[in-house]
Amino acid sequence: MGGDEPKTNQTAVLVIDAQVGLVEGTRPIYRKEETLDRIQDVLAKARNADIPVLYVQDVDVAPVGTPEFAVHPSIAPLDGELSVHKKSTDAFYGTDLHERLQALGVNHLVITGFKTEYCVDSACRRATTLGYFVTLVQDAHSTTDNKVLSAEQIVAHHNCNLHGLDNLEHYIVVVPSDELQFESKFY
């Protein structure tokens, strides 16, 4: 096997919609600083283990190229880390995310980011139907209050309901960031 071929059973980290315009927007993000700190922890572990990190940015947050569209500076991509721009809550719909992950040999996604009940939830569920195992980092995703539920309730609800959710042979597990360990093979 040549050195340029993708690893098999590779893990990758997805950072969903962690953009300045959303994180620092007018609606307060639940546990914003703690969530950013946990995402930083996940990124540090991944980078130390040579695990690919990919960012997903929503073009509805702000116009591309503006400061509000940029990934939050506390968790900004490093040179060479990929970014995908999306127009839908589903990070895979209308993007080349799946193709990029396949080219890297990825079959396991570690997901972090914002907003829990929209884009984070959609990415987790869709990933399983595309053949990925998913780890949602329990304390590295967040959202804002809505008219019915507090952000705290939304995050807790998703952590509970997504843990163990499966689509045939692929499933989601929810783990706290301090228990997350990166290995080259997920099995």
# chains A, B, ... in the order shown; residues from 1 in each chain; ligands from 1
>>> residues_around(residues="Val23 in chain A", least_positions_apart="3", cutoff="8 Å", atoms="only C-alpha atoms", output="list in words")
Ala18, Gln19, Val20, Pro28, Ile29, Lys32, His72 and Phe114 of chain A
>>> write_last_selection(atoms="all heavy atoms", output="mmCIF file, in the first residue's frame")
data_model
loop_
_atom_site.group_PDB
_atom_site.id
_atom_site.type_symbol
_atom_site.label_atom_id
_atom_site.label_comp_id
_atom_site.auth_asym_id
_atom_site.auth_seq_id
_atom_site.Cartn_x
_atom_site.Cartn_y
_atom_site.Cartn_z
ATOM 1 N N ALA A 18 -19.774 26.290 13.817
ATOM 2 C CA ALA A 18 -19.177 27.019 14.944
ATOM 3 C C ALA A 18 -18.688 28.379 14.465
ATOM 4 O O ALA A 18 -17.529 28.741 14.624
ATOM 5 C CB ALA A 18 -18.054 26.204 15.559
ATOM 6 N N GLN A 19 -19.600 29.131 13.892
ATOM 7 C CA GLN A 19 -19.271 30.393 13.246
ATOM 8 C C GLN A 19 -19.514 31.573 14.175
ATOM 9 O O GLN A 19 -20.411 31.548 15.021
ATOM 10 C CB GLN A 19 -20.093 30.530 11.975
ATOM 11 C CG GLN A 19 -19.741 29.465 10.943
ATOM 12 C CD GLN A 19 -20.803 29.320 9.877
ATOM 13 O OE1 GLN A 19 -21.554 28.360 9.894
ATOM 14 N NE2 GLN A 19 -20.863 30.271 8.952
ATOM 15 N N VAL A 20 -18.733 32.613 14.000
ATOM 16 C CA VAL A 20 -18.808 33.800 14.846
ATOM 17 C C VAL A 20 -20.231 34.355 14.898
ATOM 18 O O VAL A 20 -20.750 34.664 15.968
ATOM 19 C CB VAL A 20 -17.810 34.880 14.369
ATOM 20 C CG1 VAL A 20 -18.022 36.193 15.110
ATOM 21 C CG2 VAL A 20 -16.383 34.388 14.532
ATOM 22 N N PRO A 28 -28.321 34.137 23.140
ATOM 23 C CA PRO A 28 -27.216 33.522 23.898
ATOM 24 C C PRO A 28 -27.166 31.996 23.751
ATOM 25 O O PRO A 28 -28.171 31.316 23.889
ATOM 26 C CB PRO A 28 -27.483 33.923 25.342
ATOM 27 C CG PRO A 28 -28.873 34.447 25.394
ATOM 28 C CD PRO A 28 -29.308 34.771 24.003
ATOM 29 N N ILE A 29 -25.974 31.517 23.478
ATOM 30 C CA ILE A 29 -25.708 30.080 23.388
ATOM 31 C C ILE A 29 -25.544 29.537 24.809
ATOM 32 O O ILE A 29 -24.792 30.088 25.617
ATOM 33 C CB ILE A 29 -24.425 29.804 22.574
ATOM 34 C CG1 ILE A 29 -24.593 30.249 21.124
ATOM 35 C CG2 ILE A 29 -23.993 28.355 22.683
ATOM 36 C CD1 ILE A 29 -25.445 29.372 20.264
ATOM 37 N N LYS A 32 -21.827 28.626 26.409
ATOM 38 C CA LYS A 32 -20.991 28.963 25.243
ATOM 39 C C LYS A 32 -19.503 28.730 25.506
ATOM 40 O O LYS A 32 -18.837 28.026 24.739
ATOM 41 C CB LYS A 32 -21.237 30.413 24.832
ATOM 42 C CG LYS A 32 -20.334 30.873 23.692
ATOM 43 C CD LYS A 32 -20.589 32.308 23.298
ATOM 44 C CE LYS A 32 -19.999 33.245 24.314
ATOM 45 N NZ LYS A 32 -20.061 34.658 23.879
ATOM 46 N N HIS A 72 -15.354 30.410 14.701
ATOM 47 C CA HIS A 72 -14.968 31.121 15.924
ATOM 48 C C HIS A 72 -13.456 31.019 16.117
ATOM 49 O O HIS A 72 -12.886 29.920 16.016
ATOM 50 C CB HIS A 72 -15.713 30.541 17.128
ATOM 51 C CG HIS A 72 -15.679 31.428 18.316
ATOM 52 N ND1 HIS A 72 -14.607 31.455 19.179
ATOM 53 C CD2 HIS A 72 -16.572 32.331 18.774
ATOM 54 C CE1 HIS A 72 -14.855 32.333 20.131
ATOM 55 N NE2 HIS A 72 -16.042 32.888 19.911
ATOM 56 N N PHE A 114 -22.732 23.479 16.760
ATOM 57 C CA PHE A 114 -23.915 24.267 17.073
ATOM 58 C C PHE A 114 -24.929 24.103 15.946
ATOM 59 O O PHE A 114 -24.540 23.841 14.810
ATOM 60 C CB PHE A 114 -23.535 25.748 17.204
ATOM 61 C CG PHE A 114 -22.465 25.983 18.241
ATOM 62 C CD1 PHE A 114 -21.128 25.968 17.904
ATOM 63 C CD2 PHE A 114 -22.803 26.188 19.569
ATOM 64 C CE1 PHE A 114 -20.150 26.167 18.850
ATOM 65 C CE2 PHE A 114 -21.830 26.386 20.536
ATOM 66 C CZ PHE A 114 -20.497 26.378 20.163
#
>>> closest_atom_pairs(of="range 20-48 of chain A", to="range 153-176 of chain A", cutoff="12 Å", atoms="only C-alpha atoms", output="CSV")
residue,atom,partner,partner_atom,distance
A:Ile29,CA,A:Val155,CA,11.2
A:Tyr30,CA,A:Val155,CA,8.9
A:Arg31,CA,A:Val155,CA,10.5
A:Thr35,CA,A:Pro176,CA,11.3
A:Arg38,CA,A:Pro176,CA,9.0
A:Ile39,CA,A:Pro176,CA,11.0
A:Asp41,CA,A:Pro176,CA,11.0
A:Val42,CA,A:Pro176,CA,10.1
>>> write_last_selection(atoms="C-alpha atoms", output="PDB file, in the first residue's frame")
ATOM      1  CA  ILE A  29     -25.708  30.080  23.388  1.00  0.00           C
ATOM      2  CA  TYR A  30     -26.133  27.777  26.393  1.00  0.00           C
ATOM      3  CA  ARG A  31     -22.765  27.199  28.106  1.00  0.00           C
ATOM      4  CA  THR A  35     -18.741  24.310  24.879  1.00  0.00           C
ATOM      5  CA  ARG A  38     -14.678  21.263  25.116  1.00  0.00           C
ATOM      6  CA  ILE A  39     -14.426  21.631  21.337  1.00  0.00           C
ATOM      7  CA  ASP A  41     -10.120  19.813  23.917  1.00  0.00           C
ATOM      8  CA  VAL A  42     -11.515  17.518  21.209  1.00  0.00           C
TER       9      VAL A  42
END
>>> select_by_dssp(residues="range 80-131 of chain A", states="strand (DSSP E or B)", output="list in words")
Leu82, Ser83, Val84, His85, Lys86, Val106, Asn107, His108, Leu109, Val110, Ile111, Thr112, Gly113 and Phe114 of chain A
>>> write_last_selection(atoms="N, CA, C and O atoms", output="CSV table (one decimal), in the first residue's frame")
chain,number,residue,atom,x,y,z
A,82,LEU,N,-9.9,21.0,6.2
A,82,LEU,CA,-10.9,21.2,5.2
A,82,LEU,C,-12.2,21.9,5.8
A,82,LEU,O,-12.5,21.7,6.9
A,83,SER,N,-12.8,22.7,4.9
A,83,SER,CA,-14.1,23.3,5.3
A,83,SER,C,-15.1,23.1,4.2
A,83,SER,O,-14.7,23.2,3.0
A,84,VAL,N,-16.3,22.8,4.5
A,84,VAL,CA,-17.4,22.6,3.6
A,84,VAL,C,-18.5,23.6,3.9
A,84,VAL,O,-18.8,23.9,5.0
A,85,HIS,N,-19.0,24.3,2.8
A,85,HIS,CA,-20.1,25.3,3.0
A,85,HIS,C,-21.4,24.6,2.6
A,85,HIS,O,-21.4,23.9,1.6
A,86,LYS,N,-22.4,24.8,3.4
A,86,LYS,CA,-23.7,24.1,3.2
A,86,LYS,C,-24.8,25.2,3.2
A,86,LYS,O,-24.7,26.3,3.8
A,106,VAL,N,-12.7,7.5,5.9
A,106,VAL,CA,-13.4,7.7,7.1
A,106,VAL,C,-14.6,6.8,7.2
A,106,VAL,O,-15.4,6.8,6.2
A,107,ASN,N,-14.8,6.2,8.3
A,107,ASN,CA,-16.1,5.5,8.6
A,107,ASN,C,-16.6,5.8,10.0
A,107,ASN,O,-17.6,5.2,10.4
A,108,HIS,N,-15.9,6.7,10.7
A,108,HIS,CA,-16.4,7.1,12.1
A,108,HIS,C,-16.2,8.6,12.2
A,108,HIS,O,-15.1,9.1,12.0
A,109,LEU,N,-17.3,9.2,12.6
A,109,LEU,CA,-17.3,10.7,12.8
A,109,LEU,C,-17.5,11.0,14.3
A,109,LEU,O,-18.4,10.5,14.9
A,110,VAL,N,-16.7,11.9,14.7
A,110,VAL,CA,-16.8,12.6,16.0
A,110,VAL,C,-17.4,13.9,15.8
A,110,VAL,O,-16.8,14.7,15.1
A,111,ILE,N,-18.6,14.2,16.3
A,111,ILE,CA,-19.3,15.4,16.0
A,111,ILE,C,-19.4,16.4,17.1
A,111,ILE,O,-19.8,16.0,18.2
A,112,THR,N,-19.1,17.7,16.8
A,112,THR,CA,-19.3,18.8,17.8
A,112,THR,C,-19.9,19.9,17.1
A,112,THR,O,-20.0,19.9,15.9
A,113,GLY,N,-20.3,20.9,17.8
A,113,GLY,CA,-20.8,22.2,17.2
A,113,GLY,C,-22.1,22.7,17.6
A,113,GLY,O,-22.5,22.5,18.8
A,114,PHE,N,-22.7,23.5,16.8
A,114,PHE,CA,-23.9,24.3,17.1
A,114,PHE,C,-24.9,24.1,15.9
A,114,PHE,O,-24.5,23.8,14.8
>>> atom_distance(atom1="CA of Asp90 in chain A", atom2="CA of Pro73 in chain A")
23.6 Å
>>> atom_distance(atom1="CA of Asp37 in chain A", atom2="CA of Phe182 in chain A")
18.0 Å
>>> residues_around(residues="Val53 in chain A", least_positions_apart="6", cutoff="8 Å", atoms="only C-alpha atoms", output="number ranges by chain")
A: 12-15, 43, 46-47, 81-82
>>> write_last_selection(atoms="C-alpha atoms", output="CSV table (one decimal), in the first residue's frame")
chain,number,residue,atom,x,y,z
A,12,ALA,CA,-12.5,12.2,11.6
A,13,VAL,CA,-13.8,15.2,13.6
A,14,LEU,CA,-16.6,17.3,12.3
A,15,VAL,CA,-17.1,20.8,13.7
A,43,LEU,CA,-9.5,19.3,18.5
A,46,ALA,CA,-7.6,14.8,17.4
A,47,ARG,CA,-4.7,16.8,16.1
A,81,GLU,CA,-8.0,21.5,7.5
A,82,LEU,CA,-10.9,21.2,5.2
>>> atom_distance(atom1="CA of Ile51 in chain A", atom2="CA of Gln10 in chain A")
7.9 Å
>>> select_by_dssp(residues="range 113-180 of chain A", states="alpha helix (DSSP H)", output="number ranges by chain")
A: 121-129, 151-162
>>> residues_around(residues="Gly65 in chain A", least_positions_apart="3", cutoff="12 Å", atoms="only C-alpha atoms", output="PyMOL selection string")
chain A and resi 19-21+57+59+61-62+68-71+85
>>> write_last_selection(atoms="C-alpha atoms", output="PDB file, in the first residue's frame")
ATOM      1  CA  GLN A  19     -19.271  30.393  13.246  1.00  0.00           C
ATOM      2  CA  VAL A  20     -18.808  33.800  14.846  1.00  0.00           C
ATOM      3  CA  GLY A  21     -22.233  35.034  13.707  1.00  0.00           C
ATOM      4  CA  GLN A  57     -20.064  26.295   7.731  1.00  0.00           C
ATOM      5  CA  VAL A  59     -24.008  30.071   4.395  1.00  0.00           C
ATOM      6  CA  VAL A  61     -25.301  32.419   9.161  1.00  0.00           C
ATOM      7  CA  ALA A  62     -23.636  35.292   7.284  1.00  0.00           C
ATOM      8  CA  GLU A  68     -19.461  36.583  11.073  1.00  0.00           C
ATOM      9  CA  PHE A  69     -19.136  33.688   8.587  1.00  0.00           C
ATOM     10  CA  ALA A  70     -15.696  32.706   9.924  1.00  0.00           C
ATOM     11  CA  VAL A  71     -15.231  29.837  12.350  1.00  0.00           C
ATOM     12  CA  HIS A  85     -20.056  25.252   2.968  1.00  0.00           C
TER      13      HIS A  85
END
>>> closest_residue(among="A:Tyr55, A:Pro67, A:Glu117, A:Asp178", to="Glu24 in chain A", atoms="only C-alpha atoms")
A:Pro67
